[in-house]
Amino acid sequence: MHDIMLLELTNPTQIQPVRLPNCSNPLKIGDTVEIAGRAAKTLRPNKEREPGIVDVLQCAKTTIVDRQDLKDRLQKNYEGFDEFYGYQHWQSYQRPGVDASVGDSGGGVVFNGMIYGVNAFVGNDTHGTVAPAGFMDVCKYMKWISNTIGIA
């Protein structure tokens, strides 16, 4: 199982779609991306996350980082991480004061107006801004996406 899916809308929408990525120009460490989600944005003084969701979509800029730190943290703290995420195609991001939270899963990771990722998991689900977050790398799934939706 991979932590990515496609939905077919039964009715047209007025929402402007985000373009698929230019995979000949993949994300690299240091690139600034935009993330979005509705999870709570409040942290207690010790950086403990306040549960809940907000009514307004939250957006932030963050930076692509080497995924090894997040991989090491998750392998240490979450039994079964390798079984679930070890073979999937994901990247990592982190920026001081910016974080995804539990509840942001499924939100887009956008670069230059194109969707390059989908928020998948956080490095620490109880405390914010202390660990990188992970997202599924859309470029690594483009062959599957193209075959599924029937584009060449």
# chains A, B, ... in the order shown; residues from 1 in each chain; ligands from 1
call {"tool": "residues_around", "arguments": {"residues": "region 93-101 of chain A", "least_positions_apart": "3", "cutoff": "6 Å", "atoms": "only C-alpha atoms", "output": "short mmCIF file (atom, residue, chain, number, x, y, z; two decimals) with N, CA, C and O atoms, in the first residue's frame"}}
result
data_model
loop_
_atom_site.label_atom_id
_atom_site.label_comp_id
_atom_site.auth_asym_id
_atom_site.auth_seq_id
_atom_site.Cartn_x
_atom_site.Cartn_y
_atom_site.Cartn_z
N ALA A 39 -5.21 21.53 10.06
CA ALA A 39 -4.97 21.09 11.43
C ALA A 39 -4.72 22.29 12.33
O ALA A 39 -4.41 23.38 11.86
N THR A 62 7.87 26.31 3.47
CA THR A 62 8.84 25.49 4.19
C THR A 62 9.91 25.04 3.21
O THR A 62 9.85 25.37 2.02
N THR A 63 10.89 24.30 3.70
CA THR A 63 12.07 23.98 2.90
C THR A 63 12.29 22.48 2.82
O THR A 63 12.16 21.76 3.81
N ILE A 64 12.65 22.01 1.64
CA ILE A 64 12.99 20.60 1.45
C ILE A 64 14.32 20.34 2.18
O ILE A 64 15.28 21.08 2.01
N VAL A 65 14.33 19.27 2.98
CA VAL A 65 15.53 18.88 3.73
C VAL A 65 15.85 17.42 3.44
O VAL A 65 15.01 16.68 2.93
N ASP A 104 -3.34 17.43 8.74
CA ASP A 104 -2.96 18.08 7.48
C ASP A 104 -2.73 17.07 6.36
O ASP A 104 -2.50 17.45 5.22
N THR A 129 6.97 21.60 15.37
CA THR A 129 8.19 22.29 14.93
C THR A 129 9.48 21.71 15.53
O THR A 129 10.49 22.39 15.59
N PRO A 132 11.19 17.17 11.22
CA PRO A 132 10.70 17.34 9.85
C PRO A 132 9.38 16.59 9.65
O PRO A 132 9.01 15.73 10.46
N ALA A 133 8.70 16.91 8.57
CA ALA A 133 7.48 16.20 8.18
C ALA A 133 7.75 15.51 6.84
O ALA A 133 8.68 15.88 6.12
#
call {"tool": "closest_atom_pairs", "arguments": {"of": "region 3-96 of chain A", "to": "region 112-117 of chain A", "cutoff": "7 Å", "atoms": "only C-alpha atoms", "output": "CSV"}}
result
residue,atom,partner,partner_atom,distance
A:Val18,CA,A:Met114,CA,5.7
A:Arg19,CA,A:Met114,CA,4.7
A:Leu20,CA,A:Met114,CA,5.5
A:Pro21,CA,A:Met114,CA,5.0
call {"tool": "write_last_selection", "arguments": {"atoms": "C-alpha atoms", "output": "JSON list (two decimals), in the first residue's frame"}}
result
[["chain", "number", "residue", "atom", "x", "y", "z"],
["A", 18, "VAL", "CA", -2.97, 22.88, -9.52],
["A", 19, "ARG", "CA", -0.86, 21.56, -12.39],
["A", 20, "LEU", "CA", 0.97, 18.24, -12.21],
["A", 21, "PRO", "CA", 4.72, 18.58, -11.59]]
call {"tool": "residues_around", "arguments": {"residues": "Asp3 (chain A)", "least_positions_apart": "5", "cutoff": "9 Å", "atoms": "only C-alpha atoms", "output": "count of residues only"}}
result
6
call {"tool": "select_by_dssp", "arguments": {"residues": "chain A", "states": "strand (DSSP E)", "output": "JSON, numbers by chain"}}
result
{"A": [32, 33, 34, 35, 36, 37, 38, 39, 53, 54, 55, 56, 57, 58, 59, 60, 61, 62, 63, 64, 65, 90, 91, 92, 93, 108, 109, 110, 111, 114, 115, 116, 117, 118, 119, 120, 121, 122, 133, 134, 135, 136, 137]}
call {"tool": "closest_residue", "arguments": {"among": "A:Val102, A:Val122, A:Ala36, A:Met142", "to": "Glu50 (chain A)", "atoms": "only C-alpha atoms"}}
result
A:Val102
call {"tool": "closest_residue", "arguments": {"among": "A:Asn11, A:Asn119, A:Gln91, A:Ser146", "to": "Leu27 (chain A)", "atoms": "only C-alpha atoms"}}
result
A:Gln91
call {"tool": "closest_residue", "arguments": {"among": "A:Thr32, A:Thr126, A:Thr42, A:Gln58", "to": "Ser92 (chain A)", "atoms": "only C-alpha atoms"}}
result
A:Thr32
call {"tool": "select_by_dssp", "arguments": {"residues": "chain A", "states": "helix (DSSP H, G or I)", "output": "MDAnalysis selection string"}}
result
chainID A and resid 68:77 81:85 138:149
call {"tool": "residues_around", "arguments": {"residues": "Ala40 (chain A)", "least_positions_apart": "2", "cutoff": "6 Å", "atoms": "only C-alpha atoms", "output": "VMD selection string"}}
result
chain A and resid 42 52 to 54
call {"tool": "closest_residue", "arguments": {"among": "A:Leu6, A:Ile145, A:Val138, A:Ile15", "to": "Phe111 (chain A)", "atoms": "only C-alpha atoms"}}
result
A:Val138
call {"tool": "atom_distance", "arguments": {"atom1": "CA of Cys59 (chain A)", "atom2": "CA of Lys143 (chain A)"}}
result
28.5 Å
